[in-house]
Amino acid sequence: MLQAQKVSSRAAVRRLRHTAGAQASRWQRGLATSAEPYDAVIIGGGPGGYVAAIKAAQHGLRTACIEKRGALGGTCLNVGCIPSKAMLNNSHMYHQTQHDLQRRGIDVADVKLNLPQMLKAKDDAVTGLTKGVETLFKQNKVDYIKGSASFISPTKLSVKLNDGGETEVDAKNIIIATGSEVAPFPGGAITIDEDQIVSSTGALALQKVPEKMVVIGGGIIGLEMGSVWSRLGAQVTVVEFLGAIGGAGIDEEVAKQFQRSLQKQGLKFQLNTKVLSAEKKDGKVYIKTEAAKGGKEDTLEADVVLVAVGRRPYTEGLNLEAAGVELDNRGRVVIDDQFNTSVKGIKCIGDVTFGPMLAHKAEEEGIAAVEYISKGHGHVNYHAIPSVVYTHPEVAWVGKTEQELKAAGVQYKVGKFPFAANSRAKTNLDTEGSVKIITEKETDRILGVHIIGPNAGEMIAEGVLAVEYGASSEDIARTCHAHPTLSEGFKEAAMAAYDKPIHF
């Protein structure tokens with residue numbers, strides 16, 4: 001996290017009440033006293049928290065961010081989004097070098113995996129980005145307090161400092177942004193040891209490629225990590241309780257296409273299957289399963305098991321009861337539409353409250369929450385929050401699915417365009433997938449966009465913008481797209497939604 005300036009005054013030193021060791025820290029900034037409270041204090045330095053802190057400082061608020069990890073960026077930058085994308089990208093390059101370069105006219109011999117170097121490249125990416133956030137804190141004059149915060153009252157926090165000692169911090173406004181943690185296996189039948197039975201954190205740090213890996217959970221995290229280790233040589237089986245992969249929000253048609261694609265790459269799937277237990281024995285892990293609706297038990301053998309059954313809000317140690325902050329029955333902080341908790345002056349954003357657990361959603365909430373504090377108004381359109389699976393092909397979506405619209409009785413139209421008919425995809429020899437645009441039948445307004453294929457995670461931004469501004473498919477279709485680009489597939493899908501495409 002940001003290395004701040006030296007303590008600037010004796011009064012600040014007295015106020016900190018540090019131990020001798022903490023006082024000696026030459027980078028510790030002076031913190032606000034009870035007579036001089038911060039305008040805003042953010043608890044948590046993840047994507048939601050650090051963005052909120054920077055935005056608050058930009059709005060002229062005297063701001064501090066309290067983070068106990070010792071590095072900014074939260075789960076996302078340290079053990080989530082960022083390291084997983086490094087592994088996904090580099091494992092894809094390795095796999096492509098092995099299986100795809102020859103047809104492109106590139107002969108490569110004696111290709112070997114250097115896993116320690118691949119892990120180092122991942123770690124270097126993480127370090128560079130977390131240090132970058134520290135620099136942003138310094139540039140924006142955000143006080144960064146390394147420690148664990150707990151409420152004393154609605155306006156006062158006690159902070160146990162990482163370097164030793166404790167201090168108290170007063171604030172006019174507090175934003176809870178403590179994120180989420182890996183959800184344990186339901187019922188406690190499986191214990192994660194981060195060795196053979198791992199969470200996503202452990203899956204990012206395996207020191208050798210397992211011969212066999214079982215992934216419990218066919219959502220985004222399970223599929224991404226399963227893809228990484230499959231590309232690197234593991235035999236991967238994904239066990240999913242539901243009847244489709246991809247998790248919440250994915251279009252059923254796209255999910256089926258996605259599964260077929262991953263199966264061609266060697267991943268195996270057991271859908272509608274319930275995991276009962278996992279037992280370590282003689283260097284292996286034995287996973288007992290049965291049909292989701294009940295039936296005969298089966299056993300899978302693995303060297304490593306990845307438990308990817310979701311995440312849960314993280315509020316441990318906050319002492320929320322001292323402030324009177326209300327939680328719901330799922331452990332989420334209860335908020336209203338302006339991010340206010342049950343206590344005046346305390347707001348909450350990100351994974352620790354309602355909505356999808358996505359870094360970019362938390363970032364938007366962080367900005368909006370600060371704007372409510374400084375301006376009295378803010379904005380997040382929850383209908384325009386994209387989701388991306390960074391496998392190959394990538395899968396991305398925003399807005400409504402066909403199944404949701406059918407259930408709601410909404411009349412709609414669908415326009416599709418395959419990448420097999422897209423010139424850039426053809427020249428890149430990467431033609432798997434399609435763009436699907438769903439529109440309201442009467443008005444042509446775009447209700448949902450679903451993409452599976454190359455660069456889907458980048459292309460979805462156009463769909464998000466369309467949903468945000470209430471664009472029609474004709475608006476997109478009549479907008480010039482550069483040729484040759486993958487984005488022309490988006491234009492042609494829009495043409496197919498309101499009229500007919502040209503190239504298919």
# chains A, B, ... in the order shown; residues from 1 in each chain; ligands from 1

$ closest_atom_pairs --of "range 122-207 of chain A" --to "range 280-296 of chain A" --cutoff "10 Å" --atoms "only C-alpha atoms" --output "Markdown table"
| residue | atom | partner | partner_atom | distance |
| --- | --- | --- | --- | --- |
| A:Ile190 | CA | A:Ile287 | CA | 9.4 |
| A:Gln196 | CA | A:Val285 | CA | 7.4 |
| A:Ile197 | CA | A:Val285 | CA | 8.0 |

$ select_by_dssp --residues "range 123-264 of chain A" --states "strand (DSSP E)" --output "VMD selection string"
chain A and resid 143 to 153 156 to 161 166 to 170 174 to 176 180 to 182 197 to 198 212 to 216 235 to 239

$ closest_atom_pairs --of "range 34-117 of chain A" --to "range 142-162 of chain A" --cutoff "9 Å" --atoms "only C-alpha atoms" --output "Markdown table"
| residue | atom | partner | partner_atom | distance |
| --- | --- | --- | --- | --- |
| A:Ser34 | CA | A:Lys156 | CA | 8.3 |
| A:Pro37 | CA | A:Thr155 | CA | 8.8 |
| A:Ile43 | CA | A:Ala149 | CA | 6.9 |
| A:Gly44 | CA | A:Ala149 | CA | 8.9 |
| A:Ala53 | CA | A:Val142 | CA | 6.8 |
| A:Ile54 | CA | A:Val142 | CA | 6.8 |
| A:Ala56 | CA | A:Val142 | CA | 8.7 |
| A:Ala57 | CA | A:Val142 | CA | 6.3 |
| A:Arg62 | CA | A:Val142 | CA | 7.5 |
| A:Thr63 | CA | A:Val142 | CA | 5.4 |
| A:Ala64 | CA | A:Asp143 | CA | 4.4 |
| A:Cys65 | CA | A:Tyr144 | CA | 5.1 |
| A:Ile66 | CA | A:Ile145 | CA | 4.7 |
| A:Glu67 | CA | A:Lys146 | CA | 5.2 |
| A:Lys68 | CA | A:Gly147 | CA | 4.2 |
| A:Arg69 | CA | A:Lys146 | CA | 7.6 |
| A:Gly70 | CA | A:Lys146 | CA | 6.1 |
| A:Ala71 | CA | A:Lys146 | CA | 8.5 |

$ write_last_selection --atoms "C-alpha atoms" --output "PDB file, in the first residue's frame"
ATOM      1  CA  SER A  34     -10.762  13.283  17.520  1.00  0.00           C
ATOM      2  CA  PRO A  37     -11.802  13.880  12.138  1.00  0.00           C
ATOM      3  CA  ILE A  43     -12.241   0.308   5.499  1.00  0.00           C
ATOM      4  CA  GLY A  44     -10.710  -1.962   2.887  1.00  0.00           C
ATOM      5  CA  ALA A  53     -10.554   6.658  -1.348  1.00  0.00           C
ATOM      6  CA  ILE A  54      -8.996   8.212  -4.443  1.00  0.00           C
ATOM      7  CA  ALA A  56     -12.971  11.129  -2.112  1.00  0.00           C
ATOM      8  CA  ALA A  57      -9.565  12.807  -2.095  1.00  0.00           C
ATOM      9  CA  ARG A  62      -9.579  14.535   3.841  1.00  0.00           C
ATOM     10  CA  THR A  63      -9.390  10.798   3.359  1.00  0.00           C
ATOM     11  CA  ALA A  64      -7.829   7.705   4.884  1.00  0.00           C
ATOM     12  CA  CYS A  65      -7.967   4.090   3.757  1.00  0.00           C
ATOM     13  CA  ILE A  66      -7.443   1.280   6.269  1.00  0.00           C
ATOM     14  CA  GLU A  67      -6.212  -2.031   4.836  1.00  0.00           C
ATOM     15  CA  LYS A  68      -4.799  -4.966   6.790  1.00  0.00           C
ATOM     16  CA  ARG A  69      -3.378  -7.077   3.937  1.00  0.00           C
ATOM     17  CA  GLY A  70      -0.200  -5.012   3.660  1.00  0.00           C
ATOM     18  CA  ALA A  71      -0.791  -4.491  -0.058  1.00  0.00           C
TER      19      ALA A  71
END

$ residues_around --residues "Gly73 in chain A" --least-positions-apart "2" --cutoff "7 Å" --atoms "only C-alpha atoms" --output "list of chain:residue names"
A:Gly45, A:Gly46, A:Pro47, A:Ala71, A:Thr75, A:Cys76, A:Leu77, A:Asn78, A:Thr130

$ residues_around --residues "range 173-179 of chain A" --least-positions-apart "3" --cutoff "7 Å" --atoms "only C-alpha atoms" --output "NGL selection string"
:A and (39-44 or 48-49 or 313-315 or 345-352)

$ closest_residue --among "A:Gly246, A:Gly489, A:Pro386, A:Gly74" --to "Val398 in chain A" --atoms "only C-alpha atoms"
A:Pro386

$ residues_around --residues "Pro186 in chain A" --least-positions-apart "2" --cutoff "10 Å" --atoms "only C-alpha atoms" --output "ChimeraX atom specification"
/A:183-184,188-190,275-276,309

$ residues_around --residues "Val333 in chain A" --least-positions-apart "3" --cutoff "7 Å" --atoms "only C-alpha atoms" --output "ChimeraX atom specification"
/A:326-328,352-353

$ closest_residue --among "A:Glu316, A:Glu458, A:Glu474, A:Glu252" --to "Ile446 in chain A" --atoms "only C-alpha atoms"
A:Glu474
